[in-house]
file model.csv (CSV, C-alpha atoms)
chain,number,residue,atom,x,y,z
U,1,MET,CA,-0.2,28.5,0.0
U,2,GLY,CA,-0.5,31.2,-2.6
U,3,SER,CA,-1.9,29.0,-5.4
U,4,LYS,CA,-5.0,27.1,-6.1
U,5,PRO,CA,-4.9,23.6,-4.6
U,6,TYR,CA,-4.5,20.8,-7.1
U,7,ARG,CA,-7.5,18.5,-7.4
U,8,ASN,CA,-7.2,14.8,-8.2
U,9,LYS,CA,-9.8,12.0,-8.1
U,10,LEU,CA,-7.3,9.9,-6.1
U,11,PHE,CA,-7.2,12.5,-3.3
U,12,PRO,CA,-10.0,14.0,-1.2
U,13,PRO,CA,-10.6,17.7,-1.1
U,14,VAL,CA,-8.6,19.3,1.7
U,15,GLU,CA,-10.4,22.1,3.6
U,16,GLU,CA,-7.5,23.8,5.2
U,17,LEU,CA,-3.7,23.8,5.4
U,18,VAL,CA,-1.5,25.7,7.7
U,19,SER,CA,0.7,28.3,6.1
U,20,TYR,CA,4.4,28.4,7.1
U,21,THR,CA,7.4,30.4,5.9
U,22,ALA,CA,10.2,28.6,4.0
U,23,SER,CA,12.6,28.8,6.9
U,24,SER,CA,10.2,26.9,9.2
U,25,PHE,CA,9.8,23.8,7.1
U,26,PRO,CA,13.1,22.1,8.2
U,27,LYS,CA,11.8,22.4,11.8
U,28,ARG,CA,8.6,20.7,10.7
U,29,LEU,CA,10.6,17.6,9.8
U,30,VAL,CA,12.2,17.1,13.2
U,31,LYS,CA,9.3,15.4,14.8
U,32,PRO,CA,8.5,13.2,11.7
U,33,PHE,CA,12.1,12.2,11.6
U,34,PHE,CA,12.2,11.0,15.2
U,35,PHE,CA,8.8,9.4,14.8
U,36,THR,CA,10.1,7.4,11.8
U,37,VAL,CA,13.2,6.3,13.5
U,38,GLY,CA,11.4,5.4,16.8
U,39,PHE,CA,8.5,3.6,15.0
U,40,THR,CA,10.9,1.5,12.9
U,41,GLY,CA,12.9,0.5,15.9
U,42,CYS,CA,9.8,-0.4,17.9
U,43,ALA,CA,8.3,-2.3,14.9
U,44,PHE,CA,11.4,-4.6,14.5
U,45,GLY,CA,11.8,-5.0,18.3
U,46,SER,CA,8.1,-6.1,18.6
U,47,ALA,CA,8.6,-8.4,15.6
U,48,ALA,CA,11.5,-10.1,17.4
U,49,ILE,CA,9.5,-10.6,20.6
U,50,TRP,CA,6.5,-11.8,18.5
U,51,GLN,CA,8.7,-14.3,16.7
U,52,TYR,CA,10.1,-15.6,20.0
U,53,GLU,CA,6.7,-16.0,21.6
U,54,SER,CA,5.4,-17.8,18.4
U,55,LEU,CA,8.2,-20.3,18.6
U,56,LYS,CA,7.7,-20.7,22.3
U,57,SER,CA,4.0,-21.4,21.8
U,58,LYS,CA,4.6,-23.9,19.1
U,59,VAL,CA,7.0,-25.9,21.3
U,60,GLN,CA,4.5,-25.8,24.2
U,61,SER,CA,1.6,-26.9,22.0
U,62,TYR,CA,3.5,-29.8,20.5
U,63,PHE,CA,2.7,-32.1,23.4
U,64,GLY,CA,-0.8,-30.8,23.6
U,65,ASP,CA,-1.7,-31.9,20.1
U,66,VAL,CA,-1.9,-35.6,21.1
U,67,HIS,CA,-4.3,-34.8,23.9
U,68,ALA,CA,-6.4,-32.6,21.6
U,69,ASP,CA,-6.6,-35.3,18.9
U,70,TRP,CA,-7.8,-37.8,21.6
U,71,MET,CA,-10.5,-35.3,22.9
U,72,ASP,CA,-11.8,-34.7,19.4
U,73,LYS,CA,-13.2,-38.2,19.3
U,74,PHE,CA,-15.6,-37.4,22.1
U,75,ARG,CA,-16.3,-33.7,21.1
U,76,PRO,CA,-19.4,-33.1,18.9
U,77,GLN,CA,-18.7,-32.0,15.4
U,78,LYS,CA,-19.3,-28.4,14.4
U,79,GLN,CA,-22.5,-27.8,12.4
U,80,GLY,CA,-23.0,-25.5,9.5
U,81,ASN,CA,-21.9,-25.8,5.9
U,82,LEU,CA,-21.0,-22.1,5.6
U,83,ARG,CA,-18.6,-22.3,8.5
U,84,LYS,CA,-16.9,-25.4,7.1
U,85,GLN,CA,-16.5,-23.7,3.7
U,86,VAL,CA,-14.9,-20.7,5.3
U,87,ASN,CA,-12.5,-22.9,7.3
U,88,LYS,CA,-11.7,-24.8,4.2
U,89,TRP,CA,-11.0,-21.7,2.2
U,90,TRP,CA,-8.9,-20.2,5.1
U,91,ASN,CA,-6.8,-23.3,5.4
U,92,SER,CA,-6.2,-23.4,1.6
U,93,LEU,CA,-4.5,-20.0,1.8
U,94,SER,CA,-0.7,-19.7,2.1
U,95,GLU,CA,0.9,-18.1,5.1
U,96,GLY,CA,1.5,-14.9,3.2
U,97,GLN,CA,-2.1,-14.6,2.0
U,98,ARG,CA,-3.4,-15.1,5.5
U,99,THR,CA,-1.0,-12.5,6.8
U,100,VAL,CA,-2.1,-9.7,4.3
U,101,THR,CA,-5.8,-10.5,4.8
U,102,GLY,CA,-5.8,-8.3,7.9
U,103,ILE,CA,-4.0,-5.5,6.1
U,104,ILE,CA,-6.5,-5.7,3.2
U,105,ALA,CA,-9.5,-5.7,5.7
U,106,ALA,CA,-8.0,-2.6,7.4
U,107,ASN,CA,-7.7,-0.7,4.1
U,108,ILE,CA,-11.3,-1.6,3.1
U,109,PHE,CA,-12.5,-0.4,6.5
U,110,VAL,CA,-10.7,3.0,6.2
U,111,PHE,CA,-12.0,3.3,2.6
U,112,CYS,CA,-15.6,2.9,3.9
U,113,LEU,CA,-14.9,5.7,6.5
U,114,TRP,CA,-14.1,8.1,3.6
U,115,LYS,CA,-17.7,7.6,2.3
U,116,ILE,CA,-19.2,8.9,5.6
U,117,PRO,CA,-19.8,12.7,5.2
U,118,ALA,CA,-19.5,13.3,9.0
U,119,MET,CA,-16.0,11.7,8.9
U,120,GLN,CA,-14.5,13.8,6.2
U,121,ARG,CA,-12.8,16.3,8.4
U,122,ILE,CA,-11.3,13.7,10.7
U,123,MET,CA,-10.1,11.6,7.7
U,124,SER,CA,-8.5,14.6,6.0
U,125,THR,CA,-6.6,15.4,9.2
U,126,TYR,CA,-5.3,12.0,10.2
U,127,PHE,CA,-5.4,9.9,7.1
U,128,THR,CA,-3.7,12.2,4.6
U,129,SER,CA,0.0,13.1,4.9
U,130,THR,CA,1.5,16.5,4.2
U,131,PRO,CA,3.9,18.7,6.1
U,132,ALA,CA,1.5,21.6,5.8
U,133,CYS,CA,-1.1,20.0,8.2
U,134,ARG,CA,-1.3,20.6,11.9
U,135,ILE,CA,-1.0,16.9,12.6
U,136,ILE,CA,2.2,15.6,11.0
U,137,CYS,CA,3.3,12.4,12.9
U,138,ALA,CA,0.2,10.1,13.0
U,139,PRO,CA,-0.6,10.5,9.3
U,140,LEU,CA,2.8,9.0,8.5
U,141,LEU,CA,1.4,5.6,9.4
U,142,LEU,CA,-2.4,6.1,9.0
U,143,SER,CA,-2.1,7.4,5.4
U,144,SER,CA,-0.6,4.1,4.3
U,145,PHE,CA,-4.0,2.5,5.1
U,146,SER,CA,-6.1,5.2,3.4
U,147,HIS,CA,-7.6,5.2,-0.1
U,148,PHE,CA,-10.1,7.6,-1.5
U,149,SER,CA,-10.6,6.0,-4.9
U,150,ALA,CA,-12.0,2.5,-5.3
U,151,TRP,CA,-9.8,1.5,-8.2
U,152,HIS,CA,-6.7,2.8,-6.4
U,153,LEU,CA,-7.6,0.5,-3.4
U,154,ALA,CA,-8.3,-2.5,-5.7
U,155,LEU,CA,-5.0,-2.1,-7.6
U,156,ASN,CA,-2.9,-1.8,-4.5
U,157,MET,CA,-4.5,-4.7,-2.7
U,158,TYR,CA,-4.2,-6.9,-5.8
U,159,VAL,CA,-0.5,-6.2,-6.0
U,160,LEU,CA,-0.1,-6.8,-2.3
U,161,TRP,CA,-2.0,-10.1,-2.5
U,162,THR,CA,0.1,-11.2,-5.5
U,163,PHE,CA,3.5,-10.7,-3.8
U,164,SER,CA,2.4,-11.8,-0.3
U,165,SER,CA,3.4,-15.4,-0.5
U,166,SER,CA,6.9,-14.7,-1.9
U,167,SER,CA,7.7,-12.0,0.5
U,168,VAL,CA,6.5,-13.8,3.7
U,169,SER,CA,8.3,-16.9,2.6
U,170,PHE,CA,11.7,-15.3,3.1
U,171,TRP,CA,10.9,-12.7,5.7
U,172,GLY,CA,8.5,-14.6,7.9
U,173,GLN,CA,5.1,-13.4,9.2
U,174,GLU,CA,6.5,-11.3,12.0
U,175,GLN,CA,9.3,-9.6,10.1
U,176,PHE,CA,7.0,-9.0,7.1
U,177,MET,CA,4.6,-7.0,9.3
U,178,ALA,CA,7.5,-5.0,10.7
U,179,VAL,CA,8.9,-4.3,7.3
U,180,TYR,CA,5.5,-3.3,5.8
U,181,LEU,CA,4.5,-0.9,8.6
U,182,SER,CA,8.0,0.6,8.7
U,183,ALA,CA,8.0,1.0,5.0
U,184,GLY,CA,4.7,2.9,5.1
U,185,VAL,CA,6.1,5.4,7.6
U,186,PHE,CA,9.5,5.7,5.8
U,187,SER,CA,8.0,6.3,2.4
U,188,SER,CA,5.7,9.0,3.9
U,189,PHE,CA,8.6,10.7,5.5
U,190,VAL,CA,10.5,10.7,2.1
U,191,SER,CA,7.4,12.3,0.7
U,192,TYR,CA,7.5,15.0,3.4
U,193,VAL,CA,11.1,15.8,2.4
U,194,SER,CA,10.2,16.0,-1.3
U,195,LYS,CA,7.3,18.3,-0.7
U,196,MET,CA,9.5,20.6,1.4
U,197,VAL,CA,12.1,20.8,-1.3
U,198,THR,CA,9.7,21.2,-4.3
U,199,GLY,CA,7.2,23.4,-2.5
U,200,ARG,CA,4.2,21.2,-3.5
U,201,PHE,CA,2.2,20.4,-0.4
U,202,ASP,CA,-0.6,18.3,-1.9
U,203,PRO,CA,-1.8,15.7,0.5
U,204,SER,CA,-0.9,12.0,-0.1
U,205,LEU,CA,-2.5,8.8,0.8
U,206,GLY,CA,-2.4,5.1,-0.1
U,207,ALA,CA,-0.4,2.0,0.5
U,208,SER,CA,1.8,2.3,-2.6
U,209,GLY,CA,4.9,3.2,-0.7
U,210,ALA,CA,4.7,0.1,1.5
U,211,ILE,CA,3.8,-2.1,-1.4
U,212,MET,CA,6.7,-0.8,-3.4
U,213,THR,CA,9.0,-2.1,-0.6
U,214,VAL,CA,7.5,-5.6,-0.9
U,215,LEU,CA,7.8,-5.4,-4.7
U,216,ALA,CA,11.4,-4.1,-4.6
U,217,ALA,CA,12.4,-6.8,-2.1
U,218,VAL,CA,10.9,-9.6,-4.2
U,219,CYS,CA,12.4,-8.3,-7.4
U,220,THR,CA,15.8,-8.0,-5.8
U,221,LYS,CA,15.7,-11.5,-4.4
U,222,MET,CA,14.5,-13.1,-7.6
U,223,PRO,CA,15.5,-10.8,-10.5
U,224,GLU,CA,15.1,-13.6,-13.1
U,225,VAL,CA,11.5,-14.4,-12.2
U,226,GLN,CA,9.1,-13.7,-15.1
U,227,LEU,CA,6.4,-11.2,-14.4
U,228,ALA,CA,3.3,-10.4,-16.5
U,229,ILE,CA,0.7,-7.6,-16.4
U,230,VAL,CA,-2.7,-8.9,-15.5
U,231,PHE,CA,-4.4,-7.2,-18.5
U,232,LEU,CA,-1.6,-8.2,-20.9
U,233,PRO,CA,-0.6,-11.7,-19.9
U,234,MET,CA,1.0,-12.4,-23.3
U,235,PHE,CA,3.9,-9.9,-22.5
U,236,THR,CA,6.4,-11.1,-19.9
U,237,PHE,CA,9.5,-9.5,-18.5
U,238,THR,CA,12.0,-10.2,-15.7
U,239,ALA,CA,11.5,-8.9,-12.2
U,240,GLY,CA,14.8,-7.0,-12.3
U,241,ASN,CA,13.8,-5.1,-15.5
U,242,ALA,CA,10.4,-4.4,-14.0
U,243,LEU,CA,12.0,-2.8,-10.9
U,244,LYS,CA,14.3,-0.7,-13.0
U,245,ALA,CA,11.4,0.5,-15.1
U,246,VAL,CA,9.3,1.4,-12.1
U,247,ILE,CA,12.1,3.3,-10.5
U,248,ALA,CA,12.9,5.1,-13.7
U,249,MET,CA,9.3,6.2,-14.2
U,250,ASP,CA,9.0,7.5,-10.6
U,251,THR,CA,12.3,9.3,-11.0
U,252,ALA,CA,11.0,11.0,-14.1
U,253,GLY,CA,7.7,11.8,-12.5
U,254,LEU,CA,9.5,13.4,-9.5
U,255,VAL,CA,11.8,15.5,-11.7
U,256,LEU,CA,9.2,16.6,-14.2
U,257,GLY,CA,6.6,17.3,-11.6
U,258,TRP,CA,4.0,14.8,-12.4
U,259,ARG,CA,1.2,15.0,-9.8
U,260,LEU,CA,-0.9,11.9,-10.5
U,261,PHE,CA,1.0,9.8,-7.9
U,262,ASP,CA,3.3,10.5,-5.0
U,263,HIS,CA,6.5,9.5,-6.9
U,264,ALA,CA,8.7,10.4,-3.9
U,265,ALA,CA,6.9,7.9,-1.7
U,266,HIS,CA,7.3,5.2,-4.4
U,267,LEU,CA,11.0,5.8,-4.6
U,268,GLY,CA,11.3,5.8,-0.8
U,269,GLY,CA,9.5,2.5,-0.6
U,270,ALA,CA,11.6,1.0,-3.3
U,271,LEU,CA,14.8,2.1,-1.6
U,272,PHE,CA,13.6,0.7,1.7
U,273,GLY,CA,12.8,-2.7,0.1
U,274,VAL,CA,16.2,-3.0,-1.7
U,275,GLN,CA,18.2,-2.1,1.4
U,276,GLU,CA,16.0,-4.4,3.6
U,277,TYR,CA,17.0,-7.4,1.4
U,278,ARG,CA,20.6,-6.5,0.7
U,279,PRO,CA,22.0,-7.6,4.1
U,280,TRP,CA,21.0,-11.2,3.2
U,281,THR,CA,22.3,-11.3,-0.3
U,282,GLY,CA,25.5,-9.5,0.7
U,283,ALA,CA,26.5,-12.0,3.4
U,284,LYS,CA,29.8,-13.7,2.9
U,285,PRO,CA,31.3,-16.8,4.5
U,286,SER,CA,33.7,-16.1,7.2
U,287,LYS,CA,37.4,-16.9,6.8
U,288,PRO,CA,38.6,-20.3,8.1
U,289,ILE,CA,40.6,-20.2,11.3
U,290,LYS,CA,43.7,-22.4,11.4
U,291,THR,CA,43.9,-24.4,14.7
U,292,LYS,CA,46.5,-26.8,16.0
U,293,GLN,CA,45.5,-30.4,15.6
U,294,GLY,CA,44.9,-31.8,19.1
U,295,PHE,CA,45.3,-35.3,20.3
U,296,ILE,CA,42.8,-37.8,18.9
U,297,ILE,CA,42.1,-41.0,20.8
U,298,PRO,CA,42.4,-44.0,18.5
U,299,GLU,CA,39.2,-45.9,17.8
U,300,ASP,CA,40.7,-49.1,19.2
U,301,HIS,CA,41.0,-47.6,22.6
U,302,PHE,CA,37.2,-47.1,22.9
U,303,VAL,CA,35.5,-49.3,25.5
U,304,GLN,CA,32.8,-51.4,23.9
U,305,GLU,CA,29.7,-50.9,26.0
U,306,THR,CA,26.0,-51.8,25.7
U,307,SER,CA,24.7,-48.5,27.0
U,308,TYR,CA,23.7,-45.4,25.0
U,309,ARG,CA,27.4,-44.3,25.0
U,310,ALA,CA,28.4,-47.2,22.8
U,311,ASP,CA,27.3,-45.4,19.6
U,312,PHE,CA,29.2,-42.2,20.5
U,313,LYS,CA,32.2,-41.3,18.4
U,314,ILE,CA,34.5,-38.3,18.8
U,315,PRO,CA,34.1,-36.2,15.6
U,316,GLU,CA,37.2,-35.4,13.6
U,317,ALA,CA,38.5,-31.9,13.7
U,318,LYS,CA,37.5,-30.1,10.5
U,319,THR,CA,37.5,-26.5,9.4
U,320,LYS,CA,34.0,-25.1,9.6
U,321,PHE,CA,32.6,-22.4,7.4
U,322,SER,CA,29.7,-20.2,8.2
U,323,PRO,CA,26.7,-20.9,5.9
U,324,ASN,CA,25.6,-18.3,3.4
U,325,PRO,CA,22.0,-17.2,4.4
U,326,SER,CA,21.3,-16.4,0.8
U,327,ALA,CA,21.4,-20.1,-0.1
U,328,VAL,CA,18.2,-20.5,1.9
U,329,PHE,CA,16.3,-18.3,-0.4
U,330,GLN,CA,16.7,-20.2,-3.7
U,331,ALA,CA,13.3,-20.7,-5.1
U,332,PRO,CA,11.9,-22.1,-8.4
U,333,SER,CA,10.9,-19.6,-11.1
U,334,ARG,CA,7.3,-18.7,-11.6
U,335,ILE,CA,5.2,-16.1,-13.2
U,336,LEU,CA,3.6,-13.5,-11.0
U,337,ASN,CA,0.8,-11.2,-12.2
U,338,VAL,CA,1.3,-7.5,-11.5
call {"tool": "encode", "arguments": {"input": "model.csv", "output": "C-alpha cells"}}
result
Amino acid sequence: MGSKPYRNKLFPPVEELVSYTASSFPKRLVKPFFFTVGFTGCAFGSAAIWQYESLKSKVQSYFGDVHADWMDKFRPQKQGNLRKQVNKWWNSLSEGQRTVTGIIAANIFVFCLWKIPAMQRIMSTYFTSTPACRIICAPLLLSSFSHFSAWHLALNMYVLWTFSSSSVSFWGQEQFMAVYLSAGVFSSFVSYVSKMVTGRFDPSLGASGAIMTVLAAVCTKMPEVQLAIVFLPMFTFTAGNALKAVIAMDTAGLVLGWRLFDHAAHLGGALFGVQEYRPWTGAKPSKPIKTKQGFIIPEDHFVQETSYRADFKIPEAKTKFSPNPSAVFQAPSRILNV
C-alpha cells in the first residue's frame, strides 16, 4: 500500500493485501453493502420464524409434561455426579447467560484455530476484515468471532457475559441473536467505510463492535443504572454517562488516528444499539377515537340461566388506549461490572 504495515499485538501479521487505486474503492463497497443489508434482513426474518416455532413447541409440549412426569417414576435415574453437577450449573444460569454460552464457545474455538500454524493463511483471509483483501464479504461476519490476543478475547467475553441477562430480558433469545449477528456485520461495514476514507487498511478482528451494540442498548434502556469497573469497584457511574464517555473516546480515536482499536467499528456498533432500542422507547399511545354510544341492554332484561352463559355480561363501551411497550421494560436498578 506504499507504506510499512502497522503491527499490533492484537492483530495477526497479514502476509498480502491487494493494491487498488483510490477510484476503485467505492466499487469495493458495493458487495459488502448488499451483504450487510441482506444478512440483517435474513437474520431478523429467521429470528421471527424461530420465535414462532419456539412458542409453538411450548404450547405443544404443555400437555406432554404431565405424561413425562408420570413416566419419570418408572424411568431409572441418571448416574454420575459430574453430570448432575453440570446440569445443576446449567439450570442455575439465566436465559441470557445460556444464550451467550454458545457465542463464547465459538469465539474460543476460533481463538484456538489462530494458534495452529497451518491455519494462519486461512484465518488471515477469512477471519480478518479489510477492504484491501480479496475476500471482503465473509469476513464481515467471521471477523466478529475472531480474536488473536488472549486478553482481548477474555475482556470481550467478560463484558458480553455481564450484559447478557439484561439484554436478553428485553429482546428475547431469538431477537438477541439476530441483533448480535447483525451488529457484527454492520460494525465491520462501518469499519470498511472508515478505512476507505482515511486510507488506513489495517485488518480488524474481534467482537467489540457487536458487544458495543449490546452495551449501548442496555445503557439506553437503563441510563440511571450504576456501573462499576471490575478492577476499580469503588468508583461507580451511571450507564448513560458511561455510554457518552465510550462514544467520545472512540470519536477522538477515530479523528486523531489512534490505531490500538478499530474505533469506527465501535462507533458503528454503538449507533446500531441505540437505534435498535429507540423504536421501543419512542412508542407513543395512539389517539382515542370518539364513537357513538350504542344501545346497551339493561341488566334487568338478562335471562337468569344456570348454564355457563349466566356469568356473561356485556362490557361497557370505554375508550381504549394502546399500551406503551416501554412500560414493560421497567426494571430495578443494579450495579453491573464492566
call {"tool": "residues_around", "arguments": {"input": "model.csv", "residues": "Phe189 (chain U)", "least_positions_apart": "5", "cutoff": "9 Å", "atoms": "all atoms listed in the file", "output": "list of chain:residue names"}}
result
U:Leu29, U:Pro32, U:Phe33, U:Thr36, U:Ser129, U:Leu140, U:Gly184, U:Ser194, U:Ala265, U:Gly268
call {"tool": "closest_residue", "arguments": {"input": "model.csv", "among": "U:Lys58, U:Arg121, U:Lys31, U:His263", "to": "Cys137 (chain U)", "atoms": "all atoms listed in the file"}}
result
U:Lys31
call {"tool": "residues_near_point", "arguments": {"input": "model.csv", "point": "(-5.4, 4.8, 3.6)", "cutoff": "8 Å", "atoms": "all atoms listed in the file", "output": "PDB file with C-alpha atoms, in the coordinates of the input"}}
result
ATOM      1  CA  ASN U 107      -7.700  -0.700   4.100  1.00  0.00           C
ATOM      2  CA  VAL U 110     -10.700   3.000   6.200  1.00  0.00           C
ATOM      3  CA  PHE U 111     -12.000   3.300   2.600  1.00  0.00           C
ATOM      4  CA  PHE U 127      -5.400   9.900   7.100  1.00  0.00           C
ATOM      5  CA  THR U 128      -3.700  12.200   4.600  1.00  0.00           C
ATOM      6  CA  LEU U 142      -2.400   6.100   9.000  1.00  0.00           C
ATOM      7  CA  SER U 143      -2.100   7.400   5.400  1.00  0.00           C
ATOM      8  CA  SER U 144      -0.600   4.100   4.300  1.00  0.00           C
ATOM      9  CA  PHE U 145      -4.000   2.500   5.100  1.00  0.00           C
ATOM     10  CA  SER U 146      -6.100   5.200   3.400  1.00  0.00           C
ATOM     11  CA  HIS U 147      -7.600   5.200  -0.100  1.00  0.00           C
ATOM     12  CA  PHE U 148     -10.100   7.600  -1.500  1.00  0.00           C
ATOM     13  CA  LEU U 205      -2.500   8.800   0.800  1.00  0.00           C
ATOM     14  CA  GLY U 206      -2.400   5.100  -0.100  1.00  0.00           C
ATOM     15  CA  ALA U 207      -0.400   2.000   0.500  1.00  0.00           C
TER      16      ALA U 207
END
call {"tool": "atom_distance", "arguments": {"input": "model.csv", "atom1": "CA of Gly102 (chain U)", "atom2": "CA of Asn87 (chain U)"}}
result
16.1 Å
call {"tool": "atom_distance", "arguments": {"input": "model.csv", "atom1": "CA of Val218 (chain U)", "atom2": "CA of Pro233 (chain U)"}}
result
19.6 Å
call {"tool": "closest_residue", "arguments": {"input": "model.csv", "among": "U:Ile104, U:Leu254, U:Val59, U:Cys219", "to": "Ser191 (chain U)", "atoms": "all atoms listed in the file"}}
result
U:Leu254
call {"tool": "atom_distance", "arguments": {"input": "model.csv", "atom1": "CA of Val193 (chain U)", "atom2": "CA of Pro139 (chain U)"}}
result
14.6 Å
call {"tool": "closest_residue", "arguments": {"input": "model.csv", "among": "U:Ser92, U:Ser182, U:Ser57, U:Ser164", "to": "Val37 (chain U)", "atoms": "all atoms listed in the file"}}
result
U:Ser182
call {"tool": "closest_residue", "arguments": {"input": "model.csv", "among": "U:Pro203, U:Pro223, U:Pro131, U:Gly209", "to": "Leu160 (chain U)", "atoms": "all atoms listed in the file"}}
result
U:Gly209
call {"tool": "closest_residue", "arguments": {"input": "model.csv", "among": "U:Arg28, U:Glu174, U:Ala150, U:Gly273", "to": "Ala43 (chain U)", "atoms": "all atoms listed in the file"}}
result
U:Glu174
call {"tool": "closest_residue", "arguments": {"input": "model.csv", "among": "U:Ala48, U:Val159, U:Val168, U:Cys42", "to": "Glu95 (chain U)", "atoms": "only C-alpha atoms"}}
result
U:Val168
call {"tool": "residues_around", "arguments": {"input": "model.csv", "residues": "Val255 (chain U)", "least_positions_apart": "5", "cutoff": "12 Å", "atoms": "all atoms listed in the file", "output": "list in words"}}
result
Ser194, Val197, Thr198, Ala248, Met249, Asp250, Asp262, His263 and Ala264 of chain U
